[in-house]
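Notes for the one structure printed next.
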Amino acid sequence: MAEKRIILEMGSGNDLYGGDYTKAACRAVQDALHHSSIILFRSLGYDHRTMRVQVTIGVQEPDKVDTTAVAATLPRGRAEVTAVFGGLNVHDPEQGTTHVIATAAVEAFLPADSDWCLSEPA
């Protein structure tokens, strides 16, 4: 059965002093999640375990993100996390620190028939 994207949320997070890309990524995901309240599962009787959650994390050093740890922060669905080049590193030469800023896109998909929609087409 085909899937339809039902949610797209974006967020950002940072680690100001530890240079921890995973911590910044987890904070970006939590920021994105705090922008939504998904009531359709209870309202329409869907099991949230049928939802696939695709997370894309943008950071300057994607190989330093523990994608399994990021996936573990998601409260619902089957998570797939990918880290890509993006985000921002801000170096503070006076303090000798690098501030890591991560961005996250969180997309949720549900299996749906091709003619399924939440409202009447225009």
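Chain identifiers are assigned as A, B, and so on, following the order in which chains appear in the structure tokens; residues are numbered from 1 within each chain, and ligands are numbered from 1 in order of appearance.
By chain and then residue number, the residues within 7 Å of region 101-104 of chain A are Met10, Gly11, Ser12, Gly13, Asn14, Asp15, Ala24, Ala25, Ala28, Val29, Val55, Thr56, Ile57, Gly58, Val59, Gly87, Leu88 and Asn89 of chain A, counting only C-alpha atoms and disregarding those fewer than 5 positions away in sequence.
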Deliver the residues from the most recent selection as a file, using N, CA, C and O atoms, as a JSON list (two decimals), in the first residue's frame.
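Final output, part-v5.json:
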```json
[["chain", "number", "residue", "atom", "x", "y", "z"],
["A", 10, "MET", "N", 9.65, 21.20, 11.22],
["A", 10, "MET", "CA", 11.06, 21.54, 11.23],
["A", 10, "MET", "C", 11.46, 22.08, 12.60],
["A", 10, "MET", "O", 10.63, 22.66, 13.28],
["A", 11, "GLY", "N", 12.71, 21.87, 12.94],
["A", 11, "GLY", "CA", 13.20, 22.39, 14.21],
["A", 11, "GLY", "C", 14.69, 22.63, 14.17],
["A", 11, "GLY", "O", 15.38, 22.22, 13.23],
["A", 12, "SER", "N", 15.19, 23.30, 15.19],
["A", 12, "SER", "CA", 16.63, 23.50, 15.31],
["A", 12, "SER", "C", 17.03, 23.29, 16.75],
["A", 12, "SER", "O", 16.23, 23.45, 17.67],
["A", 13, "GLY", "N", 18.27, 22.89, 16.92],
["A", 13, "GLY", "CA", 18.80, 22.65, 18.25],
["A", 13, "GLY", "C", 20.29, 22.90, 18.26],
["A", 13, "GLY", "O", 20.92, 22.97, 17.20],
["A", 14, "ASN", "N", 20.86, 23.04, 19.43],
["A", 14, "ASN", "CA", 22.29, 23.34, 19.49],
["A", 14, "ASN", "C", 22.95, 22.69, 20.69],
["A", 14, "ASN", "O", 22.29, 22.26, 21.62],
["A", 15, "ASP", "N", 24.26, 22.63, 20.61],
["A", 15, "ASP", "CA", 25.10, 22.31, 21.75],
["A", 15, "ASP", "C", 26.16, 23.40, 21.77],
["A", 15, "ASP", "O", 27.02, 23.46, 20.88],
["A", 24, "ALA", "N", 22.84, 18.12, 19.81],
["A", 24, "ALA", "CA", 22.22, 19.17, 19.01],
["A", 24, "ALA", "C", 21.11, 18.60, 18.13],
["A", 24, "ALA", "O", 20.03, 19.19, 18.00],
["A", 25, "ALA", "N", 21.34, 17.42, 17.56],
["A", 25, "ALA", "CA", 20.34, 16.77, 16.70],
["A", 25, "ALA", "C", 19.10, 16.39, 17.51],
["A", 25, "ALA", "O", 17.97, 16.62, 17.07],
["A", 28, "ALA", "N", 17.08, 19.42, 18.17],
["A", 28, "ALA", "CA", 16.39, 19.87, 16.96],
["A", 28, "ALA", "C", 15.12, 19.06, 16.73],
["A", 28, "ALA", "O", 14.07, 19.60, 16.37],
["A", 29, "VAL", "N", 15.21, 17.75, 16.95],
["A", 29, "VAL", "CA", 14.03, 16.88, 16.79],
["A", 29, "VAL", "C", 12.98, 17.26, 17.83],
["A", 29, "VAL", "O", 11.79, 17.37, 17.51],
["A", 55, "VAL", "N", 13.28, 11.17, 9.65],
["A", 55, "VAL", "CA", 13.94, 12.35, 10.21],
["A", 55, "VAL", "C", 15.23, 12.60, 9.44],
["A", 55, "VAL", "O", 16.04, 11.69, 9.25],
["A", 56, "THR", "N", 15.40, 13.84, 9.00],
["A", 56, "THR", "CA", 16.64, 14.25, 8.35],
["A", 56, "THR", "C", 17.28, 15.32, 9.22],
["A", 56, "THR", "O", 16.64, 16.34, 9.53],
["A", 57, "ILE", "N", 18.52, 15.07, 9.62],
["A", 57, "ILE", "CA", 19.27, 15.98, 10.46],
["A", 57, "ILE", "C", 20.37, 16.63, 9.63],
["A", 57, "ILE", "O", 21.14, 15.94, 8.97],
["A", 58, "GLY", "N", 20.45, 17.95, 9.68],
["A", 58, "GLY", "CA", 21.53, 18.67, 9.00],
["A", 58, "GLY", "C", 22.54, 19.19, 10.00],
["A", 58, "GLY", "O", 22.17, 19.95, 10.91],
["A", 59, "VAL", "N", 23.79, 18.76, 9.87],
["A", 59, "VAL", "CA", 24.89, 19.23, 10.70],
["A", 59, "VAL", "C", 26.15, 19.30, 9.85],
["A", 59, "VAL", "O", 26.23, 18.68, 8.79],
["A", 87, "GLY", "N", 23.20, 22.42, 8.71],
["A", 87, "GLY", "CA", 23.40, 23.04, 10.01],
["A", 87, "GLY", "C", 24.47, 24.12, 9.95],
["A", 87, "GLY", "O", 24.74, 24.69, 8.90],
["A", 88, "LEU", "N", 25.08, 24.35, 11.10],
["A", 88, "LEU", "CA", 26.06, 25.43, 11.19],
["A", 88, "LEU", "C", 26.98, 25.21, 12.38],
["A", 88, "LEU", "O", 26.52, 24.79, 13.45],
["A", 89, "ASN", "N", 28.24, 25.46, 12.20],
["A", 89, "ASN", "CA", 29.20, 25.52, 13.30],
["A", 89, "ASN", "C", 29.62, 26.97, 13.44],
["A", 89, "ASN", "O", 29.99, 27.61, 12.45]]
```
What lies within 8 Å of Thr67 (chain A) using only C-alpha atoms, ignoring chain neighbours under 5 positions off, as a ChimeraX atom specification? /A:22,81-83
Output C-alpha atoms for every residue in the selection just made, as a CSV table (one decimal), in the first residue's frame.
```csv
chain,number,residue,atom,x,y,z
A,22,THR,CA,24.0,14.1,18.6
A,81,VAL,CA,17.0,8.9,10.9
A,82,THR,CA,19.5,10.2,8.4
A,83,ALA,CA,22.2,12.8,9.0
```
Check chain A with DSSP on the backbone and list each residue it calls alpha helix (DSSP H), as an MDAnalysis selection string. chainID A and resid 21:33 40:44 67:71
Step one, run DSSP on the backbone; step two, keep only residues of chain A assigned to strand (DSSP E); then write them as number ranges by chain. A: 3-15, 52-59, 78-85, 88-92, 97-111
Keeping only N, CA and C atoms, write those residues as a CSV table (one decimal), in the first residue's frame.
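Dumped to selection_26.csv:
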```csv
chain,number,residue,atom,x,y,z
A,3,GLU,N,2.1,5.2,0.7
A,3,GLU,CA,2.1,6.0,1.9
A,3,GLU,C,1.8,7.4,1.5
A,4,LYS,N,1.2,8.2,2.4
A,4,LYS,CA,1.0,9.6,2.3
A,4,LYS,C,1.7,10.3,3.4
A,5,ARG,N,2.4,11.4,3.1
A,5,ARG,CA,2.9,12.2,4.2
A,5,ARG,C,1.8,13.0,4.8
A,6,ILE,N,1.7,12.9,6.1
A,6,ILE,CA,0.7,13.6,6.9
A,6,ILE,C,1.2,14.7,7.8
A,7,ILE,N,2.5,14.7,8.0
A,7,ILE,CA,3.1,15.7,8.9
A,7,ILE,C,4.5,16.1,8.3
A,8,LEU,N,4.8,17.3,8.4
A,8,LEU,CA,6.2,17.8,8.1
A,8,LEU,C,6.4,18.9,9.1
A,9,GLU,N,7.4,18.7,10.0
A,9,GLU,CA,7.7,19.7,11.0
A,9,GLU,C,9.2,20.0,10.9
A,10,MET,N,9.7,21.2,11.2
A,10,MET,CA,11.1,21.5,11.2
A,10,MET,C,11.5,22.1,12.6
A,11,GLY,N,12.7,21.9,12.9
A,11,GLY,CA,13.2,22.4,14.2
A,11,GLY,C,14.7,22.6,14.2
A,12,SER,N,15.2,23.3,15.2
A,12,SER,CA,16.6,23.5,15.3
A,12,SER,C,17.0,23.3,16.8
A,13,GLY,N,18.3,22.9,16.9
A,13,GLY,CA,18.8,22.6,18.3
A,13,GLY,C,20.3,22.9,18.3
A,14,ASN,N,20.9,23.0,19.4
A,14,ASN,CA,22.3,23.3,19.5
A,14,ASN,C,23.0,22.7,20.7
A,15,ASP,N,24.3,22.6,20.6
A,15,ASP,CA,25.1,22.3,21.8
A,15,ASP,C,26.2,23.4,21.8
A,52,ARG,N,5.3,5.7,9.7
A,52,ARG,CA,6.8,5.7,9.5
A,52,ARG,C,7.2,7.2,9.7
A,53,VAL,N,8.2,7.4,10.5
A,53,VAL,CA,8.7,8.7,10.8
A,53,VAL,C,10.1,8.8,10.2
A,54,GLN,N,10.2,9.7,9.2
A,54,GLN,CA,11.5,10.0,8.5
A,54,GLN,C,12.1,11.3,9.0
A,55,VAL,N,13.3,11.2,9.6
A,55,VAL,CA,13.9,12.3,10.2
A,55,VAL,C,15.2,12.6,9.4
A,56,THR,N,15.4,13.8,9.0
A,56,THR,CA,16.6,14.2,8.3
A,56,THR,C,17.3,15.3,9.2
A,57,ILE,N,18.5,15.1,9.6
A,57,ILE,CA,19.3,16.0,10.5
A,57,ILE,C,20.4,16.6,9.6
A,58,GLY,N,20.5,17.9,9.7
A,58,GLY,CA,21.5,18.7,9.0
A,58,GLY,C,22.5,19.2,10.0
A,59,VAL,N,23.8,18.8,9.9
A,59,VAL,CA,24.9,19.2,10.7
A,59,VAL,C,26.2,19.3,9.9
A,78,ARG,N,7.6,4.3,13.6
A,78,ARG,CA,8.9,3.6,13.3
A,78,ARG,C,9.8,4.6,12.7
A,79,ALA,N,10.9,4.9,13.4
A,79,ALA,CA,11.8,6.0,13.1
A,79,ALA,C,12.9,5.6,12.1
A,80,GLU,N,13.2,6.4,11.1
A,80,GLU,CA,14.3,6.3,10.2
A,80,GLU,C,15.0,7.6,10.3
A,81,VAL,N,16.3,7.6,10.7
A,81,VAL,CA,17.0,8.9,10.9
A,81,VAL,C,18.2,8.9,10.0
A,82,THR,N,18.4,10.0,9.3
A,82,THR,CA,19.5,10.2,8.4
A,82,THR,C,20.2,11.5,8.7
A,83,ALA,N,21.5,11.5,8.8
A,83,ALA,CA,22.2,12.8,9.0
A,83,ALA,C,22.9,13.2,7.7
A,84,VAL,N,22.8,14.4,7.4
A,84,VAL,CA,23.3,15.0,6.1
A,84,VAL,C,24.1,16.3,6.4
A,85,PHE,N,24.9,16.7,5.4
A,85,PHE,CA,25.6,18.0,5.6
A,85,PHE,C,24.6,19.1,5.6
A,88,LEU,N,25.1,24.4,11.1
A,88,LEU,CA,26.1,25.4,11.2
A,88,LEU,C,27.0,25.2,12.4
A,89,ASN,N,28.2,25.5,12.2
A,89,ASN,CA,29.2,25.5,13.3
A,89,ASN,C,29.6,27.0,13.4
A,90,VAL,N,29.6,27.5,14.7
A,90,VAL,CA,30.0,28.8,14.9
A,90,VAL,C,31.2,28.8,15.9
A,91,HIS,N,32.3,29.1,15.4
A,91,HIS,CA,33.6,29.0,16.2
A,91,HIS,C,33.8,30.3,16.9
A,92,ASP,N,34.1,30.2,18.2
A,92,ASP,CA,34.5,31.3,19.1
A,92,ASP,C,36.0,31.2,19.4
A,97,THR,N,36.0,27.5,21.5
A,97,THR,CA,34.9,26.6,21.4
A,97,THR,C,34.1,26.7,20.1
A,98,THR,N,33.5,25.7,19.8
A,98,THR,CA,32.6,25.6,18.6
A,98,THR,C,31.2,25.3,19.0
A,99,HIS,N,30.3,26.2,18.6
A,99,HIS,CA,28.9,26.0,18.9
A,99,HIS,C,28.2,25.3,17.7
A,100,VAL,N,27.6,24.1,18.0
A,100,VAL,CA,27.0,23.3,17.0
A,100,VAL,C,25.5,23.6,16.9
A,101,ILE,N,25.1,23.9,15.7
A,101,ILE,CA,23.7,24.1,15.4
A,101,ILE,C,23.2,23.1,14.4
A,102,ALA,N,22.2,22.3,14.8
A,102,ALA,CA,21.6,21.3,14.0
A,102,ALA,C,20.2,21.7,13.5
A,103,THR,N,19.8,21.3,12.3
A,103,THR,CA,18.4,21.4,11.9
A,103,THR,C,17.8,20.1,11.7
A,104,ALA,N,16.5,20.0,11.8
A,104,ALA,CA,15.8,18.7,11.7
A,104,ALA,C,14.5,18.9,10.9
A,105,ALA,N,14.3,18.0,10.0
A,105,ALA,CA,13.0,17.8,9.3
A,105,ALA,C,12.4,16.5,9.8
A,106,VAL,N,11.2,16.5,10.3
A,106,VAL,CA,10.5,15.3,10.8
A,106,VAL,C,9.3,15.2,9.9
A,107,GLU,N,9.3,14.1,9.2
A,107,GLU,CA,8.1,13.7,8.3
A,107,GLU,C,7.5,12.5,8.8
A,108,ALA,N,6.2,12.5,8.8
A,108,ALA,CA,5.4,11.3,9.2
A,108,ALA,C,4.6,10.8,8.0
A,109,PHE,N,4.6,9.5,7.8
A,109,PHE,CA,3.8,8.9,6.7
A,109,PHE,C,2.9,7.8,7.2
A,110,LEU,N,1.7,7.7,6.7
A,110,LEU,CA,0.8,6.6,7.0
A,110,LEU,C,0.5,5.9,5.7
A,111,PRO,N,0.2,4.6,5.8
A,111,PRO,CA,-0.2,3.8,4.6
A,111,PRO,C,-1.6,4.4,4.3
```
